[in-house]
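Visitor: The structure under discussion is supplied below as structure tokens; questions concerning it will follow.
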Amino acid sequence: MLTRDIDLKDAILDLLDNCVDGIQRNAPESSIESDKPYKNFRAEISFSKEGFIIKDNCGGIPIEVAQKYAFKMGRPEAANKNDAEYYTIGTYGIGMKRAIFKMGCSSQVSSQTASDSFKVTISPEWLSSDSEWDLPLEETDRWLPENGTVIEVTHLRDEIAIAFSPPQQSVLHNSLVGEISHNYSYIINKGFTVIVNGSEVPLLPLNLLADGIEQIKQNNAAAIAPFLYEAEKDGVEIKLAVGFYKDIPDGEEIDDEMKGVKNSSETSGWTVICNDRVVLYCDKSRLTGWGELTVPGHHPQFNAISGVIHFRSKGKDASKLPITTTKRGIDASSNLYLYVKEFMREGTKVFTSYTYKWKKNLEEEKTRTKQARLADPIQFFETIPKERWTQVNKRTSESRSFYKERKFTPTLPTPELSAEVGERKRKVSFSRPEKEIEMVAEYLFEDSECEPSRVGEACFEQVLKSAKK
Amino acid sequence: MSGATIPYHLRQNKAVDRYAFMELLSKVDRFCDVSKYQYVGFGGHSLEDFKYIHNRFGISSMTSIERDEEVYKRQQFNLPHNCINCLLQDSNDFVRDFIREERTIIWLDYTKPAQLGSQIAQFQSIIDRFSSLDIIKITLNAHASSYVEANKTVQPNDTWNARIKDLEKKLGNELFPFADISPDMMTARGFPNAIHLIVKYAANLAMRGDLDIYFQPLTSFSYNDGQEMLTVTGILLEKTQSESFFNKTGIDQWELGNVDWKEPTRIDMPDLTIKERMHIDTFLPNFSADLVHEKLGFLINQKESISLEMLKTYVLFYRQSPYFSRIFV
Ligand SMILES: Nc1ncnc2c1ncn2[C@@H]1O[C@H](COP(=O)(O)OP(=O)(O)O)[C@@H](O)[C@H]1O
Ligand SMILES: [Mg+2]
């Protein structure tokens with residue numbers, strides 16, 4: 001039957017997913033194109049040793065959905081029809097029940113839609129009886145200020161009560177907020193508000209480094225900017241952007257990570273979004289083209305590379321999206337996905353090559369790129385002038401079924417070949433005891449904590465000056 | 001920049017923090033015999049803390065960790081008692097090999113902001129191996145501009161956001177408390193509390209698997225003797241022990257106690273002459289700071305409100321505050 005074998009955090013996220021289902025059923029069609037289409041939708045989660053509550057104003061659970069499967073054990077085949085026209089993520093009709101049973105043995109779910117208002121009560125007796133299968137649904141007066149749902153769970157299981165009480169309460173609070181801000185950043189960016197125990201989940205936008213637009217616009221000037229691609233096929237709009245989201249790592253950071261001292265790769269990789277839902281987060285595998293064909297496998301050297309690809313179905317037909325039937329993962333074998341993956345690889349490669357080119361001149365790279373600022377890559381689809389985009393060659397019949405297709409490849413800076421012909425740059429590197437480096441750093445910069453690479457370079461320059469005399 | 005070379009008598013606030021630590025231990029002593037503990041710390045060249053702890057509590061199982069060979073040699077020379085086992089080792093290596101065999105008090109006295117991530121990880125691995133009644137004190141750099149310098153050419157908000165990003169980078173997604181820390185804490189003044197919340201999160205995270213035992217904070221101070229520092233002391237308690245622990249020690253009632261992660265108490269001692277101090281001391285502990293301020297007849301800072309604030313700090317810490325004076329030998 002229902003397994004409780006699911007992480008507590010995931011159970012809570014399942015409930016939050018359901019709020020997003022609600023938004024997608026109820027967001028006014030007209031607002032989908034706007035900047036913040038989800039502006040007035042919110043979900044509030046709170047938990048303590050007394051119990052758990054999630055309330056939202058996302059339009060409520062349609063009563064047919066509730067009757068036919070939300071409160072039935074197991075989801076009858078036919079029930080799926082109800083939701084076919086919306087891009088909701090649920091499929092099995094288990095998310096909510098599983099989350100509730102994970103936490104406690106008593107619960108009340110109240111929901112109000114434009115047309116109905118009802119509540120369902122789950123009691124410990126019901127849970128322990130084997131004969132009763134369906135949960136009785138009781139119609140109620142309309143009492144919620146806005147259409148939405150309130151789920152309350154009490155009689156918490158022992159281990160859940162511990163996780164919900166101090167001191168562990170704050171641990172869950174912080175890690176839940178962290179997880180939501182990463183995985184729902186896209187929806188939050190579109191205006192959805194999530195509150196956990198009174199604090200609003202911050203927006204962690206997926207921004208990429210770019211020089212000013214004036215610099216990017218210039219035809220033959222090098223500039224830091226993301227690689228962009230967009231197209232349309234069968235009513236699905238595709239937009240992808242890949243670039244750097246932070247400075248490229250130096251040798252020390254790469255070493256630390258290889259040794260397992262530190263993990264700074266978490267937010268590197270590809271994120272795939274279908275109709276505003278993150279279906280894959282920061283993937284570094286073949287699934288998103290890493291280590292495939294001419295693209296190298298992911299490595300700490302590429303820790304600063306991050307990409308996002310967004311599929312959006314126009315209208316409400318979500319069937320053409322490249323997602324698995326559970327709607328939780330990417331359908332890697334769909335023709336649509338296989339086709340655009342070529343551009344994901346092309347984009348990734350622009351930036352992996354860049355890190356190779358600059359590997360030996362990191363100092364110069366740093367000064368060269370320090371003007372770049374983090375920006376929302378979506379804006380560049382509009383601001384980069386037409387002339388700077390290139391058309392995509394149509395070779396196969398498959399590719400001809402894509403239209404409005406274009407891409408932008410940035411002209412990234414390359415290491416300067418020194419003016420004097422034949423003068424190649426070489427790398428000098430050496431290790432010294434930490435204490436000695438600190439001593440020299442204090443001597444040269446009056447700051448014993450100066451970066452070792454900077455200290456080494458300054459020493460060289462100092463001696464070079466004397467040598468030239 | 002690290003305080004290592006500044007002598008104690010010039011680090012007045014740190015000295016107060018150390019006395020407060022001694023007082024805390026003597027309160028714990030009412031619940032369990034502190035003399036039976038081992039003490040582990042970063043003693044520095046003079047091993048001053050070791051001397052105090054040995055003299056005051058009779059602890060005689062002591063280990064000092066020092067990674068600098070010269071300082072280590074100097075410790076051998078200064079060795080105040082022969083019960084101190086000096087190790088020439090980095091704290092990272094010490095923590096990796098640490099096996100808890102007896103009741104332990106450990107003071108991780110860090111200074112470098114760059115290594116915050118590894119410092120917090122060391123703190124966690126220690127408490128992960130601790131048993132109930134073991135005590136840990138951690139001191140961390142909480143000087144905002146040593147993390148990311150304030151930049152006058154941009155909006156303050158940009159500096160604050162850069163500090164958040166920097167902390168996130170140093171700690172990684174695992175250790176960064178996303179709910180507790182917000183950009184408005186990233187001011188020089190708010191920063192120690194942000195570091196405090198990082199310690200709180202790390203401690204509770206490390207104790208996550210344990211159902212009967214938890215990390216109980218006891219004191220939290222911030223002070224500045226050149227760099228802003230934060231220092232937190234806590235003990236591992238069994239949940240069933242907690243009531244009798246506080247009944248016997250009274251730490252939850254103590255004016256310097258902080259048993260629920262409230263903002264750290266600031267130690268900022270005014271620079272008073274010995275004559276002034278002796279005069280003020282005659283009014284204590286029975287008079288309030290306001291009254292003493294009035295009786296003093298002059299301000300100790302140009303601004304009256306600040307003058308009163310400073311006196312209040314003195315009144316809070318006067319018993320922990322040492323007299324330093326020159327002696328000729
Ligand atoms: N808060 C909510 N707002 C709107 N719809 C909801 C809400 N909670 C649940 N639902 C809907 O109820 C149905 C059952 O949800 P759930 O038990 O999570 O099943 P599934 O595993 O299929 O998502 C889904 O269609 C879901 O969209
Ligand atoms: Mg669901």
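Naming scheme: A, B, ... for chains in displayed order of the structure tokens; residues 1 onward per chain; ligands 1 onward as shown.
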Got a sec: who's within 10 Å of Ser61 (chain B), counting only C-alpha atoms, leaving out chain neighbours fewer than 6 positions off, as a PyMOL selection string?
Guide: chain B and resi 35-40+54+83-85+102+104
Visitor: Can those selected residues be exported to a file as a short mmCIF file (atom, residue, chain, number, x, y, z; two decimals), in the first residue's frame so that it contains all heavy atoms?
Guide:
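As a result, out_34.cif now contains:
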```cif
data_model
loop_
_atom_site.label_atom_id
_atom_site.label_comp_id
_atom_site.auth_asym_id
_atom_site.auth_seq_id
_atom_site.Cartn_x
_atom_site.Cartn_y
_atom_site.Cartn_z
N SER B 35 37.35 18.74 37.63
CA SER B 35 38.76 18.32 37.74
C SER B 35 39.01 16.98 37.04
O SER B 35 40.14 16.64 36.72
CB SER B 35 39.19 18.23 39.20
OG SER B 35 38.56 17.12 39.82
N LYS B 36 37.94 16.25 36.77
CA LYS B 36 38.11 14.93 36.13
C LYS B 36 38.15 15.02 34.60
O LYS B 36 38.27 14.02 33.91
CB LYS B 36 36.94 14.00 36.51
CG LYS B 36 36.82 13.75 37.99
CD LYS B 36 37.70 12.57 38.38
CE LYS B 36 38.02 12.52 39.87
NZ LYS B 36 36.91 12.79 40.77
N TYR B 37 37.99 16.24 34.07
CA TYR B 37 37.96 16.40 32.62
C TYR B 37 39.38 16.45 32.05
O TYR B 37 40.33 16.76 32.76
CB TYR B 37 37.27 17.72 32.25
CG TYR B 37 35.76 17.67 32.21
CD1 TYR B 37 35.02 17.54 33.38
CD2 TYR B 37 35.08 17.80 31.00
CE1 TYR B 37 33.63 17.54 33.34
CE2 TYR B 37 33.69 17.81 30.96
CZ TYR B 37 32.97 17.67 32.12
OH TYR B 37 31.61 17.68 32.08
N GLN B 38 39.49 16.18 30.75
CA GLN B 38 40.73 16.55 30.06
C GLN B 38 40.46 17.89 29.36
O GLN B 38 39.32 18.21 29.03
CB GLN B 38 41.14 15.49 29.03
CG GLN B 38 40.22 15.41 27.83
CD GLN B 38 40.88 14.79 26.59
OE1 GLN B 38 42.08 14.94 26.39
NE2 GLN B 38 40.09 14.11 25.78
N TYR B 39 41.53 18.67 29.18
CA TYR B 39 41.38 19.95 28.50
C TYR B 39 42.23 19.96 27.23
O TYR B 39 43.40 19.59 27.25
CB TYR B 39 41.81 21.10 29.42
CG TYR B 39 41.74 22.44 28.74
CD1 TYR B 39 40.53 23.09 28.54
CD2 TYR B 39 42.91 23.06 28.26
CE1 TYR B 39 40.46 24.31 27.88
CE2 TYR B 39 42.85 24.29 27.61
CZ TYR B 39 41.62 24.90 27.42
OH TYR B 39 41.56 26.11 26.77
N VAL B 40 41.61 20.37 26.13
CA VAL B 40 42.33 20.48 24.87
C VAL B 40 42.18 21.90 24.36
O VAL B 40 41.07 22.44 24.38
CB VAL B 40 41.75 19.51 23.79
CG1 VAL B 40 42.53 19.62 22.49
CG2 VAL B 40 41.73 18.08 24.31
N HIS B 54 44.45 24.71 34.95
CA HIS B 54 45.09 23.78 35.87
C HIS B 54 45.02 24.32 37.31
O HIS B 54 44.62 23.62 38.23
CB HIS B 54 46.54 23.55 35.47
CG HIS B 54 47.28 22.68 36.44
ND1 HIS B 54 47.05 21.33 36.55
CD2 HIS B 54 48.23 22.98 37.37
CE1 HIS B 54 47.82 20.82 37.49
NE2 HIS B 54 48.55 21.82 38.01
N CYS B 83 52.12 18.66 33.14
CA CYS B 83 50.99 17.80 32.77
C CYS B 83 50.43 18.17 31.41
O CYS B 83 49.38 17.72 31.01
CB CYS B 83 49.90 17.87 33.82
SG CYS B 83 49.24 19.53 34.03
N ILE B 84 51.14 19.05 30.69
CA ILE B 84 50.61 19.48 29.39
C ILE B 84 51.32 18.73 28.27
O ILE B 84 52.54 18.75 28.17
CB ILE B 84 50.79 20.99 29.18
CG1 ILE B 84 50.17 21.76 30.34
CG2 ILE B 84 50.14 21.43 27.86
CD1 ILE B 84 50.46 23.24 30.32
N ASN B 85 50.51 18.06 27.47
CA ASN B 85 51.06 17.33 26.35
C ASN B 85 50.96 18.23 25.12
O ASN B 85 49.88 18.51 24.62
CB ASN B 85 50.21 16.05 26.17
CG ASN B 85 50.62 15.27 24.96
OD1 ASN B 85 51.75 15.42 24.47
ND2 ASN B 85 49.70 14.44 24.47
N GLU B 102 37.70 10.22 27.45
CA GLU B 102 37.34 10.71 28.78
C GLU B 102 36.56 12.01 28.61
O GLU B 102 36.53 12.59 27.52
CB GLU B 102 38.60 10.96 29.61
CG GLU B 102 39.62 11.81 28.86
CD GLU B 102 40.98 11.84 29.52
OE1 GLU B 102 41.02 11.96 30.76
OE2 GLU B 102 41.99 11.79 28.81
N THR B 104 35.64 15.64 28.24
CA THR B 104 36.52 16.58 27.53
C THR B 104 35.97 18.00 27.53
O THR B 104 34.77 18.22 27.38
CB THR B 104 36.68 16.11 26.06
OG1 THR B 104 37.21 14.79 26.06
CG2 THR B 104 37.60 17.02 25.29
#
```
Visitor: Each residue of region 83-166 of chain B lying at most 12 Å from region 188-209 of chain A should get a row with its shortest atom-to-atom pair and the distance in Å to one decimal, counting only C-alpha atoms; could you produce that, ordered by chain and increasing number, as a tab-separated table?
Guide:
```
residue	atom	partner	partner_atom	distance
B:Asn161	CA	A:Leu204	CA	11.4
B:Ile164	CA	A:Leu204	CA	11.6
B:Lys165	CA	A:Leu204	CA	10.6
```
Visitor: Kindly provide, as number ranges by chain, the residues of chain B having any atom no farther than 8 Å from an atom of chain A, counting only C-alpha atoms.
Guide: B: 1, 68, 114, 169, 172-174, 177-180, 201, 204-205, 208, 211, 214
Visitor: Grab the residues selected above and save them as a tab-separated table (two decimals), in the first residue's frame with C-alpha atoms.
Guide:
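Here's the written file selection08.tsv:
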```
chain	number	residue	atom	x	y	z
B	1	MET	CA	45.86	40.36	11.85
B	68	ASP	CA	53.72	26.39	14.09
B	114	ALA	CA	39.10	32.25	5.05
B	169	LYS	CA	30.59	29.77	-0.80
B	172	GLY	CA	28.51	25.24	0.94
B	173	ASN	CA	24.81	24.46	0.65
B	174	GLU	CA	25.03	21.89	3.42
B	177	PRO	CA	21.38	28.24	7.17
B	178	PHE	CA	19.20	29.65	4.41
B	179	ALA	CA	16.28	30.55	6.65
B	180	ASP	CA	18.16	32.24	9.48
B	201	TYR	CA	22.80	25.36	12.67
B	204	ASN	CA	22.06	21.04	15.66
B	205	LEU	CA	22.85	19.50	12.30
B	208	ARG	CA	20.49	15.36	14.15
B	211	LEU	CA	17.37	11.51	19.91
B	214	TYR	CA	21.50	17.55	22.33
```
Visitor: Name the residues, by chain letter and number, that sit within 6 Å of ligand 2 using only C-alpha atoms and all ligand atoms, and give them as a ChimeraX atom specification.
Guide: /A:14,17-18,90,95
Visitor: Would you list the residues that come within 8 Å of ligand 1? Count only C-alpha atoms and all ligand atoms and give the answer as a PDB file with C-alpha atoms, in the first residue's frame.
Guide:
```pdb
ATOM      1  CA  ASP A  14       5.220  16.869  -2.504  1.00  0.00           C
ATOM      2  CA  LEU A  15       2.609  18.996  -0.784  1.00  0.00           C
ATOM      3  CA  LEU A  16       4.178  22.134  -2.149  1.00  0.00           C
ATOM      4  CA  ASP A  17       4.114  20.583  -5.628  1.00  0.00           C
ATOM      5  CA  ASN A  18       0.393  20.180  -5.244  1.00  0.00           C
ATOM      6  CA  CYS A  19       0.036  23.908  -4.579  1.00  0.00           C
ATOM      7  CA  VAL A  20       1.824  24.490  -7.862  1.00  0.00           C
ATOM      8  CA  ASP A  21      -0.668  22.122  -9.541  1.00  0.00           C
ATOM      9  CA  GLY A  22      -3.333  24.425  -8.213  1.00  0.00           C
ATOM     10  CA  ILE A  23      -1.607  27.501  -9.579  1.00  0.00           C
ATOM     11  CA  LYS A  55      -2.213  26.454   3.550  1.00  0.00           C
ATOM     12  CA  ASP A  56      -2.398  27.928   0.110  1.00  0.00           C
ATOM     13  CA  ASN A  57      -4.592  30.179  -1.983  1.00  0.00           C
ATOM     14  CA  CYS A  58      -3.950  28.236  -5.160  1.00  0.00           C
ATOM     15  CA  GLY A  59      -7.546  27.608  -6.090  1.00  0.00           C
ATOM     16  CA  GLY A  60      -8.388  24.457  -4.168  1.00  0.00           C
ATOM     17  CA  ILE A  61      -8.665  20.790  -5.110  1.00  0.00           C
ATOM     18  CA  PRO A  62     -11.357  20.298  -7.763  1.00  0.00           C
ATOM     19  CA  VAL A  65     -10.263  15.152  -8.364  1.00  0.00           C
ATOM     20  CA  ALA A  66     -10.865  14.788  -4.650  1.00  0.00           C
ATOM     21  CA  TYR A  69      -8.639   9.777  -6.488  1.00  0.00           C
ATOM     22  CA  ALA A  70      -7.064  12.291  -4.168  1.00  0.00           C
ATOM     23  CA  PHE A  71      -8.679  10.442  -1.260  1.00  0.00           C
ATOM     24  CA  ARG A  75      -5.497   6.003  -8.491  1.00  0.00           C
ATOM     25  CA  ASP A  83      -6.005  16.652 -15.333  1.00  0.00           C
ATOM     26  CA  THR A  88       0.128  19.339 -13.270  1.00  0.00           C
ATOM     27  CA  ILE A  89       2.844  17.096 -12.026  1.00  0.00           C
ATOM     28  CA  GLY A  90       0.857  14.556 -10.013  1.00  0.00           C
ATOM     29  CA  THR A  91      -0.025  11.245 -11.573  1.00  0.00           C
ATOM     30  CA  TYR A  92      -0.597   8.547  -9.066  1.00  0.00           C
ATOM     31  CA  GLY A  93      -2.782  10.216  -6.538  1.00  0.00           C
ATOM     32  CA  ILE A  94      -0.440   9.281  -3.725  1.00  0.00           C
ATOM     33  CA  GLY A  95       1.619  12.398  -3.004  1.00  0.00           C
ATOM     34  CA  MET A  96      -0.721  13.960  -0.483  1.00  0.00           C
ATOM     35  CA  LYS A  97      -1.730  10.824   1.367  1.00  0.00           C
ATOM     36  CA  ARG A  98       1.835   9.612   1.570  1.00  0.00           C
ATOM     37  CA  SER A 111     -10.409  22.811   0.331  1.00  0.00           C
ATOM     38  CA  GLY A 148      -7.376  27.241  -1.672  1.00  0.00           C
ATOM     39  CA  THR A 149      -6.488  24.344   0.567  1.00  0.00           C
ATOM     40  CA  VAL A 150      -5.523  23.852   4.195  1.00  0.00           C
ATOM     41  CA  ILE A 151      -3.931  20.594   5.274  1.00  0.00           C
TER      42      ILE A 151
END
```
Visitor: In region 185-378 of chain A, what's strand (DSSP E) per DSSP? Answer as an NGL selection string?
Guide: :A and (193-196 or 199-200 or 208-210 or 227-233 or 236-244 or 269-274 or 277-283 or 305-313 or 373-375)
Visitor: DSSP says alpha helix (DSSP H) for which residues of region 111-325 of chain A? Put them as a PyMOL selection string?
Guide: chain A and resi 124-128+158-164+168-183+185-189+213-217+251-258
Visitor: Could you pull the residues within 10 Å of Tyr52 (chain B), counting only C-alpha atoms, minus those fewer than 6 positions along the same chain, as a list in words?
Guide: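 These residues fall inside the cut-off: Arg18, Tyr19, Met22, Gly58 and Ile59 of chain B.
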Visitor: Which of these, B:Val232, B:Val16, B:Val34, B:Leu47, has the shortest distance to Tyr110 (chain B) once you count only C-alpha atoms?
Guide: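 Of all the options, B:Val232 lies closest to Tyr110 (chain B).
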Visitor: Tell me which protein, DNA and RNA residues are within 8 Å of Asp225 (chain B), counting only C-alpha atoms, leaving out same-chain ones fewer than 4 positions away, and put them as number ranges by chain.
Guide: B: 10-14
Visitor: Which of these, A:Ser334, A:Ser397, A:Ser431, A:Thr414, has the shortest distance to Asn361 (chain A) once you count only C-alpha atoms?
Guide: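 Selected residue with least distance to Asn361 (chain A): A:Thr414.
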Visitor: Show me, as a compact mmCIF listing (two decimals) with C-alpha atoms, in the first residue's frame, the residues that have an atom within 7 Å of Ile54 (chain A) when counting only C-alpha atoms, minus same-chain residues fewer than 6 positions from it.
Guide:
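Output file result_22.txt is given in full below:
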```
# COMPACT_ATOMS: atom_id res chain seq x y z
CA ALA A 43 1.77 28.81 0.26
CA GLU A 44 2.46 28.91 3.96
CA ILE A 45 4.04 25.99 5.76
CA SER A 46 4.42 25.76 9.50
CA VAL A 150 -5.52 23.85 4.20
CA ILE A 151 -3.93 20.59 5.27
CA GLU A 152 -3.36 20.03 8.94
```
Visitor: With distances taken over only C-alpha atoms, which of A:Ser313, A:Ser429, A:Asn275, A:Asn183 is nearest to Val236 (chain A)?
Guide: A:Ser313
Visitor: I'd like to know which of B:Glu309, B:Asp281, B:Asp97, B:Glu255 is closest to Thr219 (chain B), using only C-alpha atoms.
Guide: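 Nearest to Thr219 (chain B): B:Glu255.
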Visitor: Report as a list in words all protein, DNA and RNA residues lying within 9 Å of Ser146 (chain B), evaluated on only C-alpha atoms, omitting residues in the same chain fewer than 4 positions from it.
Guide: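 Using only C-alpha atoms, the neighbours found are Lys112, Pro113, Ala114, Asn141, Ala142 and Gln227 of chain B.
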Visitor: With N, CA and C atoms retained, export the selected residues as a PDB file, in the first residue's frame.
Guide:
```pdb
ATOM      1  N   LYS B 112      41.029  32.742  11.553  1.00  0.00           N
ATOM      2  CA  LYS B 112      41.034  33.106  10.132  1.00  0.00           C
ATOM      3  C   LYS B 112      39.680  32.979   9.469  1.00  0.00           C
ATOM      4  N   PRO B 113      39.196  34.062   8.887  1.00  0.00           N
ATOM      5  CA  PRO B 113      37.897  33.990   8.211  1.00  0.00           C
ATOM      6  C   PRO B 113      37.922  33.081   6.983  1.00  0.00           C
ATOM      7  N   ALA B 114      39.065  33.009   6.303  1.00  0.00           N
ATOM      8  CA  ALA B 114      39.103  32.249   5.051  1.00  0.00           C
ATOM      9  C   ALA B 114      38.753  30.782   5.263  1.00  0.00           C
ATOM     10  N   ASN B 141      36.294  34.211  13.750  1.00  0.00           N
ATOM     11  CA  ASN B 141      36.372  35.581  13.279  1.00  0.00           C
ATOM     12  C   ASN B 141      34.982  36.021  12.802  1.00  0.00           C
ATOM     13  N   ALA B 142      34.527  37.153  13.291  1.00  0.00           N
ATOM     14  CA  ALA B 142      33.193  37.635  12.920  1.00  0.00           C
ATOM     15  C   ALA B 142      33.291  39.086  12.448  1.00  0.00           C
ATOM     16  N   GLN B 227      39.949  42.805  15.756  1.00  0.00           N
ATOM     17  CA  GLN B 227      39.040  42.077  14.873  1.00  0.00           C
ATOM     18  C   GLN B 227      37.826  41.701  15.698  1.00  0.00           C
TER      19      GLN B 227
END
```
Visitor: List the spatial neighbours of region 198-200 of chain B as a ChimeraX atom specification - criterion: any atom at most 8 Å away, only C-alpha atoms, same-chain residues fewer than 3 positions off excluded.
Guide: /B:120,175-177,194-195,203-204,261
Visitor: Give the answer as one residue: which of A:Gly235, A:Glu363, A:Pro385, A:Ile330 has the shortest atom-to-atom distance to Ala318 (chain A), using only C-alpha atoms?
Guide: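 Selected residue with least distance to Ala318 (chain A): A:Gly235.
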